[in-house]
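Encoded as structure tokens, the structure appears first; notes follow it.
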Amino acid sequence: MSSVTSAAKPVGLDKPKTKSKKRSQWAEVWRRLKQNKMAMLGLMIIGVIIFCAIFADVIADYDTVAIKQNLKARMEGPSAEHILGTDEFGRDIFARMVHGARVSLQVGLIAVGIAILIGGSLGAVAGYYGGKLDNVIMRLMDVFLAIPSILLAIAIVSALGPNLFNLMLAIGVSSVPSYARIVRASVLSIRDQEFIEAARAIGADDFRIITKHIIPNALAPVIVQATLGVAGAILSTAGLSFIGMGIQPPAPEWGAMLSGGRQYLRYAWHITAFPGVAIMITILALNMLGDGLRDALDPRLKS
Amino acid sequence: MLKYISKRLLMLIPVLLGVTFIVFSIMYMTPGDPAQLILGESAPPEAVAELRTDMGLDDPFIVQYGRFVVNAVQGDFGQSYTTKRDVFSEIFARFPNTLKLAGVAVALAIAIGIPVGIISATRQYSFIDSASMIAALLGVSMPNFWLGLMLILFFSVNLGWLPSSGADSWKHMILPAVTLGTSSAAIITRMTRSSMLEVVRQDFIRTARAKGVSEKKVINKHALKNALIPIITVVGLQFGYLLGGAVLTETVFSWPGVGRLLVEAIRQKDTPTVLASVVFMATTFSFVNLLVDVLYAYVDPRIKSQYQ
């Protein structure tokens, strides 16, 4: 009986192994990442910062605590009431720092998002179609790279006006070339492989090939660059706000807080010190995570 | 070799043209009427309109851009909207200061970065390796303007050892250069370490060791020379970051350079100065990259042989 049923079972209807293979690829990366203690520490710190950003309003109400001036309590040092002290307008520094996390993360993520979208598309098109189009796009990227990215961002913000959106746009645009290069390199390494030829042979069009085969392969280096890119964007945001080219007061932004405390450095150094530490810890965490991701995704270590 | 240099110089021209086009286009989008800005709020509309025509502000974009390029190559970047002085001479007066600052910063970065990177690589996983990698990580993560302020707090305000603004003596250079150079030093350290680690694993190093060459010679003569190539690239790229970072550092230390001029110009909506400053810095960066490429050809015999 059993032999009849097993003989009657059609061959080849087993579920294809591709799905579990893909799952184990990312699981493998996650496993390697978990082993990297610094990367995990970075991830945890970023988690805390994201938490602060999302629940900023719960931790400290925006209008009454972060914005409203209280000139009777100016420049007080850390105390029970104000954990990190007050700034030059009497506002609680801790509350402003928590809200600042929201601003920094916003700009960081959206700027990098813009850069990946524009840069990635340019790089994919350049790498895939090659020839003159590739040449033109890469020459254009070279021109952009000749301008130091902070200066480019400064020029854009100076022309369009200093507000949140222009800041994101400026930093995003100035980051486009690196993503274009990365995606182009990935595309070039895949483009001429046999499975692409096979896909074309069964009738897949360009769009399908790009989205289903090429982009997943470009994902790894882009993720690493994006993590480090968010760090860079946050630094640029702080820097631009420091010189008055970013988020305008009274909005709480780490760089702007630093700038505000600058003239009182002698006797109220905490106004300058603490937001700077916030910036440093955020960048540090992102760098540790980025380094860890780079090692975890390194194809040379694949078993 | 000369052929290589002249070829690269020629390739620089379209890049510089592209740079001026991009920066000019961006600044062109600035809202507001420059003529109104110059003459002031209460100026009669006819005078404003006349000034606009005189300045050529009503001409089409391409004409204005063309005029800018033609003037720029002759060294004429127009007059500042606010000080009315010749923009080129303003920048030229300050430019050496910025170059000095960036130069010292990069020299510091190399002087610290490369030796520490080599030591880290040769004593991988030792205490010194971990310590310097952590220090490098911190160095990369610190905002340079914050580092500058903290250094001022420590060395100027509290200890009184070093001045915090101006550029009169060599003492004035120390804090700004350290501030500017720290993140580059960190990056160079990491790059040197990873480059050395890669080179040291290669077969020719094994051969040299098998031949009995002293370890010191293996590292300094054989490994370092080969590891230098990506390091040189990074140093060149770092110069661009230094020029950008100089804007912040000069602001913190009131250093009389182009960076501070740029910030002031932006605040006052002085477009010609902003335009000229950015173009100047981008041009400098391009020339530095050209130098790096030439250095490349010198150091890497594979490229040298192509041109001999």
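Please note that chains go A, B, ... in the order of the structure tokens, that every chain numbers its residues from 1, and that ligands are numbered from 1 in the order shown.
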
Show me, as JSON lines, the residues of chain B having an atom within 7 Å of chain A, each with the closest atom pair and its distance in Å, using only C-alpha atoms.
{"residue": "B:Val15", "atom": "CA", "partner": "A:Val143", "partner_atom": "CA", "distance": 5.3}
{"residue": "B:Gly18", "atom": "CA", "partner": "A:Val143", "partner_atom": "CA", "distance": 5.9}
{"residue": "B:Val19", "atom": "CA", "partner": "A:Val143", "partner_atom": "CA", "distance": 5.8}
{"residue": "B:Ile26", "atom": "CA", "partner": "A:Ile156", "partner_atom": "CA", "distance": 6.1}
{"residue": "B:Met27", "atom": "CA", "partner": "A:Ala159", "partner_atom": "CA", "distance": 5.4}
{"residue": "B:Met29", "atom": "CA", "partner": "A:Ala159", "partner_atom": "CA", "distance": 5.9}
{"residue": "B:Thr30", "atom": "CA", "partner": "A:Ala159", "partner_atom": "CA", "distance": 4.2}
{"residue": "B:Leu137", "atom": "CA", "partner": "A:Leu284", "partner_atom": "CA", "distance": 7.0}
{"residue": "B:Leu138", "atom": "CA", "partner": "A:Leu284", "partner_atom": "CA", "distance": 6.7}
{"residue": "B:Ser141", "atom": "CA", "partner": "A:Leu284", "partner_atom": "CA", "distance": 5.1}
{"residue": "B:Met142", "atom": "CA", "partner": "A:Met280", "partner_atom": "CA", "distance": 5.0}
{"residue": "B:Pro143", "atom": "CA", "partner": "A:Leu235", "partner_atom": "CA", "distance": 6.4}
{"residue": "B:Trp146", "atom": "CA", "partner": "A:Gly276", "partner_atom": "CA", "distance": 5.8}
{"residue": "B:Leu153", "atom": "CA", "partner": "A:Leu265", "partner_atom": "CA", "distance": 6.9}
{"residue": "B:Val157", "atom": "CA", "partner": "A:Arg266", "partner_atom": "CA", "distance": 6.4}
{"residue": "B:Gly240", "atom": "CA", "partner": "A:Pro148", "partner_atom": "CA", "distance": 5.2}
{"residue": "B:Tyr241", "atom": "CA", "partner": "A:Pro148", "partner_atom": "CA", "distance": 6.2}
{"residue": "B:Gly244", "atom": "CA", "partner": "A:Ile150", "partner_atom": "CA", "distance": 5.5}
{"residue": "B:Leu248", "atom": "CA", "partner": "A:Gly239", "partner_atom": "CA", "distance": 6.9}
{"residue": "B:Ile266", "atom": "CA", "partner": "A:Ser158", "partner_atom": "CA", "distance": 6.1}
{"residue": "B:Val278", "atom": "CA", "partner": "A:Leu151", "partner_atom": "CA", "distance": 6.5}
{"residue": "B:Ala282", "atom": "CA", "partner": "A:Ile147", "partner_atom": "CA", "distance": 4.7}
{"residue": "B:Phe285", "atom": "CA", "partner": "A:Ala146", "partner_atom": "CA", "distance": 6.6}
{"residue": "B:Ser286", "atom": "CA", "partner": "A:Ala146", "partner_atom": "CA", "distance": 5.9}

Just to be explicit: take each residue in the selection above, keep C-alpha atoms, and write the result as an mmCIF file, in the first residue's frame.
data_model
loop_
_atom_site.group_PDB
_atom_site.id
_atom_site.type_symbol
_atom_site.label_atom_id
_atom_site.label_comp_id
_atom_site.auth_asym_id
_atom_site.auth_seq_id
_atom_site.Cartn_x
_atom_site.Cartn_y
_atom_site.Cartn_z
ATOM 1 C CA VAL B 15 35.438 69.586 -13.970
ATOM 2 C CA GLY B 18 31.035 71.964 -14.090
ATOM 3 C CA VAL B 19 31.745 73.128 -10.551
ATOM 4 C CA ILE B 26 22.521 77.156 -6.872
ATOM 5 C CA MET B 27 23.320 80.744 -5.930
ATOM 6 C CA MET B 29 18.179 80.516 -7.015
ATOM 7 C CA THR B 30 18.652 82.860 -4.074
ATOM 8 C CA LEU B 137 36.524 55.757 16.662
ATOM 9 C CA LEU B 138 36.074 58.592 19.139
ATOM 10 C CA SER B 141 32.627 60.675 16.054
ATOM 11 C CA MET B 142 33.398 64.018 17.630
ATOM 12 C CA PRO B 143 31.944 67.090 15.972
ATOM 13 C CA TRP B 146 32.496 70.855 19.768
ATOM 14 C CA LEU B 153 37.511 75.505 27.675
ATOM 15 C CA VAL B 157 39.803 79.305 29.881
ATOM 16 C CA GLY B 240 38.309 68.146 0.968
ATOM 17 C CA TYR B 241 36.789 67.440 4.371
ATOM 18 C CA GLY B 244 34.776 72.056 4.596
ATOM 19 C CA LEU B 248 33.403 75.476 11.344
ATOM 20 C CA ILE B 266 25.982 83.966 3.945
ATOM 21 C CA VAL B 278 32.892 77.972 -2.663
ATOM 22 C CA ALA B 282 36.433 73.481 -4.783
ATOM 23 C CA PHE B 285 40.434 70.643 -3.643
ATOM 24 C CA SER B 286 40.616 69.691 -7.319
#

With a distance cut-off of 12 Å and only C-alpha atoms, select the neighbouring residues of Leu122 of chain A, excluding the residue or stretch itself and same-chain residues fewer than 3 positions from it, and output the selection as JSON, numbers by chain.
{"A": [115, 116, 117, 118, 119, 125, 126, 127, 128, 129, 130, 133, 134, 135, 136, 137, 138, 139, 140, 141, 176, 177, 178, 179, 180, 181, 182, 183, 184, 185, 187]}

Please determine, counting only C-alpha atoms, which residue among A:Glu253, A:Asp92, A:Glu197, A:Asp57 has the shortest atom-to-atom distance to Leu105 of chain A.
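Residue with the minimum atom-to-atom distance to Leu105 of chain A: A:Glu253.
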
Backbone DSSP call of alpha helix (DSSP H) for segment 16-66 of chain B, listed as a PyMOL selection string
chain B and resi 16-28+34-39+45-55+61-66

Take the selection from the previous step and output its residues with N, CA and C atoms, as a JSON list (two decimals), in the first residue's frame.
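To be explicit, this is the file written out as selection.json:
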[["chain", "number", "residue", "atom", "x", "y", "z"],
["B", 16, "LEU", "N", 36.19, 71.84, -13.48],
["B", 16, "LEU", "CA", 36.06, 73.17, -12.88],
["B", 16, "LEU", "C", 34.89, 73.94, -13.49],
["B", 17, "LEU", "N", 34.71, 73.78, -14.81],
["B", 17, "LEU", "CA", 33.57, 74.42, -15.45],
["B", 17, "LEU", "C", 32.27, 73.89, -14.85],
["B", 18, "GLY", "N", 32.23, 72.57, -14.69],
["B", 18, "GLY", "CA", 31.04, 71.96, -14.09],
["B", 18, "GLY", "C", 30.79, 72.50, -12.69],
["B", 19, "VAL", "N", 31.87, 72.63, -11.92],
["B", 19, "VAL", "CA", 31.74, 73.13, -10.55],
["B", 19, "VAL", "C", 31.17, 74.54, -10.56],
["B", 20, "THR", "N", 31.75, 75.40, -11.40],
["B", 20, "THR", "CA", 31.24, 76.78, -11.43],
["B", 20, "THR", "C", 29.78, 76.79, -11.87],
["B", 21, "PHE", "N", 29.42, 75.91, -12.80],
["B", 21, "PHE", "CA", 28.04, 75.88, -13.27],
["B", 21, "PHE", "C", 27.08, 75.50, -12.15],
["B", 22, "ILE", "N", 27.46, 74.44, -11.42],
["B", 22, "ILE", "CA", 26.58, 73.97, -10.35],
["B", 22, "ILE", "C", 26.44, 75.03, -9.27],
["B", 23, "VAL", "N", 27.59, 75.57, -8.81],
["B", 23, "VAL", "CA", 27.52, 76.54, -7.72],
["B", 23, "VAL", "C", 26.80, 77.81, -8.17],
["B", 24, "PHE", "N", 27.08, 78.23, -9.40],
["B", 24, "PHE", "CA", 26.41, 79.43, -9.91],
["B", 24, "PHE", "C", 24.90, 79.21, -9.98],
["B", 25, "SER", "N", 24.49, 78.03, -10.48],
["B", 25, "SER", "CA", 23.06, 77.74, -10.57],
["B", 25, "SER", "C", 22.40, 77.75, -9.20],
["B", 26, "ILE", "N", 23.09, 77.18, -8.22],
["B", 26, "ILE", "CA", 22.52, 77.16, -6.87],
["B", 26, "ILE", "C", 22.36, 78.57, -6.36],
["B", 27, "MET", "N", 23.40, 79.39, -6.46],
["B", 27, "MET", "CA", 23.32, 80.74, -5.93],
["B", 27, "MET", "C", 22.33, 81.58, -6.73],
["B", 28, "TYR", "N", 22.13, 81.23, -7.99],
["B", 28, "TYR", "CA", 21.18, 81.96, -8.83],
["B", 28, "TYR", "C", 19.77, 81.85, -8.27],
["B", 34, "PRO", "N", 19.30, 91.56, -5.58],
["B", 34, "PRO", "CA", 20.59, 92.09, -5.15],
["B", 34, "PRO", "C", 20.67, 93.61, -5.26],
["B", 35, "ALA", "N", 20.06, 94.15, -6.31],
["B", 35, "ALA", "CA", 20.12, 95.60, -6.48],
["B", 35, "ALA", "C", 19.43, 96.29, -5.30],
["B", 36, "GLN", "N", 18.31, 95.74, -4.89],
["B", 36, "GLN", "CA", 17.59, 96.30, -3.74],
["B", 36, "GLN", "C", 18.44, 96.19, -2.50],
["B", 37, "LEU", "N", 19.13, 95.06, -2.39],
["B", 37, "LEU", "CA", 19.97, 94.82, -1.21],
["B", 37, "LEU", "C", 21.09, 95.85, -1.13],
["B", 38, "ILE", "N", 21.66, 96.17, -2.29],
["B", 38, "ILE", "CA", 22.78, 97.10, -2.30],
["B", 38, "ILE", "C", 22.32, 98.53, -1.99],
["B", 39, "LEU", "N", 21.20, 98.91, -2.61],
["B", 39, "LEU", "CA", 20.77, 100.30, -2.47],
["B", 39, "LEU", "C", 19.99, 100.55, -1.20],
["B", 45, "PRO", "N", 12.30, 102.88, -6.83],
["B", 45, "PRO", "CA", 12.27, 101.72, -7.73],
["B", 45, "PRO", "C", 13.04, 101.96, -9.03],
["B", 46, "GLU", "N", 13.07, 103.22, -9.48],
["B", 46, "GLU", "CA", 13.77, 103.47, -10.76],
["B", 46, "GLU", "C", 15.25, 103.25, -10.59],
["B", 47, "ALA", "N", 15.79, 103.69, -9.44],
["B", 47, "ALA", "CA", 17.22, 103.50, -9.20],
["B", 47, "ALA", "C", 17.55, 102.02, -9.12],
["B", 48, "VAL", "N", 16.67, 101.28, -8.45],
["B", 48, "VAL", "CA", 16.88, 99.84, -8.32],
["B", 48, "VAL", "C", 16.88, 99.18, -9.70],
["B", 49, "ALA", "N", 15.88, 99.57, -10.52],
["B", 49, "ALA", "CA", 15.78, 98.97, -11.86],
["B", 49, "ALA", "C", 17.01, 99.29, -12.70],
["B", 50, "GLU", "N", 17.49, 100.54, -12.53],
["B", 50, "GLU", "CA", 18.67, 100.94, -13.30],
["B", 50, "GLU", "C", 19.89, 100.12, -12.90],
["B", 51, "LEU", "N", 20.02, 99.94, -11.58],
["B", 51, "LEU", "CA", 21.16, 99.16, -11.10],
["B", 51, "LEU", "C", 21.08, 97.72, -11.59],
["B", 52, "ARG", "N", 19.86, 97.20, -11.61],
["B", 52, "ARG", "CA", 19.68, 95.83, -12.09],
["B", 52, "ARG", "C", 20.19, 95.69, -13.52],
["B", 53, "THR", "N", 19.84, 96.66, -14.36],
["B", 53, "THR", "CA", 20.28, 96.58, -15.75],
["B", 53, "THR", "C", 21.80, 96.74, -15.84],
["B", 54, "ASP", "N", 22.32, 97.67, -15.02],
["B", 54, "ASP", "CA", 23.77, 97.86, -15.03],
["B", 54, "ASP", "C", 24.50, 96.60, -14.64],
["B", 55, "MET", "N", 23.97, 95.92, -13.62],
["B", 55, "MET", "CA", 24.64, 94.71, -13.15],
["B", 55, "MET", "C", 24.36, 93.52, -14.05],
["B", 61, "PHE", "N", 19.85, 83.54, -17.91],
["B", 61, "PHE", "CA", 20.75, 82.79, -17.04],
["B", 61, "PHE", "C", 22.07, 82.48, -17.73],
["B", 62, "ILE", "N", 21.99, 81.97, -18.95],
["B", 62, "ILE", "CA", 23.21, 81.54, -19.63],
["B", 62, "ILE", "C", 24.17, 82.70, -19.83],
["B", 63, "VAL", "N", 23.60, 83.87, -20.17],
["B", 63, "VAL", "CA", 24.45, 85.05, -20.37],
["B", 63, "VAL", "C", 25.14, 85.42, -19.08],
["B", 64, "GLN", "N", 24.38, 85.41, -17.99],
["B", 64, "GLN", "CA", 24.98, 85.75, -16.69],
["B", 64, "GLN", "C", 26.07, 84.76, -16.33],
["B", 65, "TYR", "N", 25.80, 83.45, -16.58],
["B", 65, "TYR", "CA", 26.80, 82.44, -16.26],
["B", 65, "TYR", "C", 28.04, 82.64, -17.10],
["B", 66, "GLY", "N", 27.84, 82.87, -18.41],
["B", 66, "GLY", "CA", 28.97, 83.07, -19.29],
["B", 66, "GLY", "C", 29.83, 84.24, -18.83]]

Counting only C-alpha atoms, the option among B:Leu228, B:Ile91, B:Ala223, B:Ala246 closest to Thr207 of chain B:
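Answer, going by the shortest atom-to-atom distance: B:Ala223.
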
9 Å contact set for Val140 of chain B, only C-alpha atoms, chain neighbours under 5 positions out, as a ChimeraX atom specification
/A:283-284,287 /B:135,182-187

Hey, can you spit out that residue selection with N, CA and C atoms as a PDB file, in the first residue's frame?
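And here is the file that came out, again_13.pdb:
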ATOM      1  N   ILE A 283      26.764  59.620  16.956  1.00  0.00           N
ATOM      2  CA  ILE A 283      27.655  59.311  15.834  1.00  0.00           C
ATOM      3  C   ILE A 283      28.473  58.062  16.138  1.00  0.00           C
ATOM      4  N   LEU A 284      28.952  57.978  17.386  1.00  0.00           N
ATOM      5  CA  LEU A 284      29.747  56.830  17.793  1.00  0.00           C
ATOM      6  C   LEU A 284      28.950  55.544  17.607  1.00  0.00           C
ATOM      7  N   ASN A 287      28.548  54.711  14.006  1.00  0.00           N
ATOM      8  CA  ASN A 287      29.801  54.214  13.434  1.00  0.00           C
ATOM      9  C   ASN A 287      30.063  52.777  13.856  1.00  0.00           C
TER      10      ASN A 287
ATOM     11  N   ALA B 135      40.329  55.081  20.255  1.00  0.00           N
ATOM     12  CA  ALA B 135      40.609  56.517  20.132  1.00  0.00           C
ATOM     13  C   ALA B 135      40.222  57.010  18.744  1.00  0.00           C
ATOM     14  N   THR B 182      41.916  66.347  13.969  1.00  0.00           N
ATOM     15  CA  THR B 182      41.641  65.134  14.744  1.00  0.00           C
ATOM     16  C   THR B 182      40.881  64.075  13.948  1.00  0.00           C
ATOM     17  N   SER B 183      39.780  64.475  13.317  1.00  0.00           N
ATOM     18  CA  SER B 183      39.015  63.423  12.647  1.00  0.00           C
ATOM     19  C   SER B 183      39.791  62.847  11.468  1.00  0.00           C
ATOM     20  N   SER B 184      40.588  63.692  10.797  1.00  0.00           N
ATOM     21  CA  SER B 184      41.407  63.163   9.705  1.00  0.00           C
ATOM     22  C   SER B 184      42.455  62.204  10.245  1.00  0.00           C
ATOM     23  N   ALA B 185      43.045  62.552  11.400  1.00  0.00           N
ATOM     24  CA  ALA B 185      44.044  61.655  11.993  1.00  0.00           C
ATOM     25  C   ALA B 185      43.407  60.305  12.281  1.00  0.00           C
ATOM     26  N   ALA B 186      42.182  60.346  12.804  1.00  0.00           N
ATOM     27  CA  ALA B 186      41.500  59.098  13.128  1.00  0.00           C
ATOM     28  C   ALA B 186      41.264  58.262  11.873  1.00  0.00           C
ATOM     29  N   ILE B 187      40.793  58.914  10.830  1.00  0.00           N
ATOM     30  CA  ILE B 187      40.507  58.175   9.593  1.00  0.00           C
ATOM     31  C   ILE B 187      41.779  57.610   8.980  1.00  0.00           C
TER      32      ILE B 187
END

Spatial neighbours of Leu197 of chain B, max dist 9 Å, only C-alpha atoms, sep filter under 5 positions, as a list in words
Ile118, Ala121, Thr122, Gln124, Thr192 and Ala227 of chain B

Within 7 Å of Ser241 of chain A, counting only C-alpha atoms, which residues show up once you throw out same-chain ones fewer than 5 positions away? Write them as a list in words, please.
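Those residues are Gly246, Ile247, Gly255 and Ala256 of chain A.
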
Could you work out how far atom CA of Ile232 of chain B lies from atom CA of Asp300 of chain B, giving the answer in Å with one decimal?
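So the two atoms, atom CA of Asp300 of chain B and atom CA of Ile232 of chain B, lie 10.9 Å apart.
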
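For segment 208-222 of chain A, the list of residues within 6 Å, based on only C-alpha atoms and with local chain neighbours fewer than 3 positions off taken out, reads A:Val183, A:Ser186, A:Asp205, A:Gln225, A:Ala226.
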
Any chance you could export the current selection's N, CA and C atoms as a short mmCIF file (atom, residue, chain, number, x, y, z; two decimals), in the first residue's frame?
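Okay, this is what ended up in selection20.cif:
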data_model
loop_
_atom_site.label_atom_id
_atom_site.label_comp_id
_atom_site.auth_asym_id
_atom_site.auth_seq_id
_atom_site.Cartn_x
_atom_site.Cartn_y
_atom_site.Cartn_z
N VAL A 183 26.21 51.85 -5.96
CA VAL A 183 25.22 51.08 -6.70
C VAL A 183 25.77 50.72 -8.08
N SER A 186 28.09 47.80 -7.78
CA SER A 186 27.36 46.54 -7.59
C SER A 186 26.74 46.08 -8.89
N ASP A 205 11.94 41.74 -18.45
CA ASP A 205 12.34 43.04 -19.02
C ASP A 205 13.31 43.74 -18.07
N GLN A 225 26.82 51.96 3.90
CA GLN A 225 27.04 53.37 3.60
C GLN A 225 25.93 54.22 4.20
N ALA A 226 24.71 53.68 4.21
CA ALA A 226 23.58 54.45 4.74
C ALA A 226 23.73 54.67 6.24
#

For each of B:Phe239, B:Trp170, B:Phe287, B:Phe77, take the minimum atom-to-atom distance to Leu9 of chain B, counting only C-alpha atoms, then give the residue where this is smallest.
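Selected residue with least distance to Leu9 of chain B: B:Phe287.
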
Point out the residue among A:Met97, A:Ala39, A:Val58, A:Leu297 with the least atom-to-atom distance to Gln25 of chain A, counting only C-alpha atoms.
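For Gln25 of chain A, the nearest of the given residues is A:Leu297.
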
Write out as a ChimeraX atom specification which residues come within 10 Å of segment 292-295 of chain A when counting only C-alpha atoms, dropping same-chain ones fewer than 2 positions away.
/A:29-30,32-40,42-43,220-221,223-225,227,286-290,297-301

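If only C-alpha atoms are the atoms counted, then among B:Arg8, B:Leu261, B:His222, B:Phe145 the closest residue to Ala208 of chain B is B:His222.
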
Point-to-point distance in Å for atom CA of Ile49 of chain A and atom CA of Arg102 of chain A:
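Pair atom CA of Arg102 of chain A / atom CA of Ile49 of chain A returns 8.4 Å.
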
State, in Å with one decimal place, the distance from atom CA of Leu188 of chain A to atom CA of Pro230 of chain B.
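It comes out at 21.8 Å.
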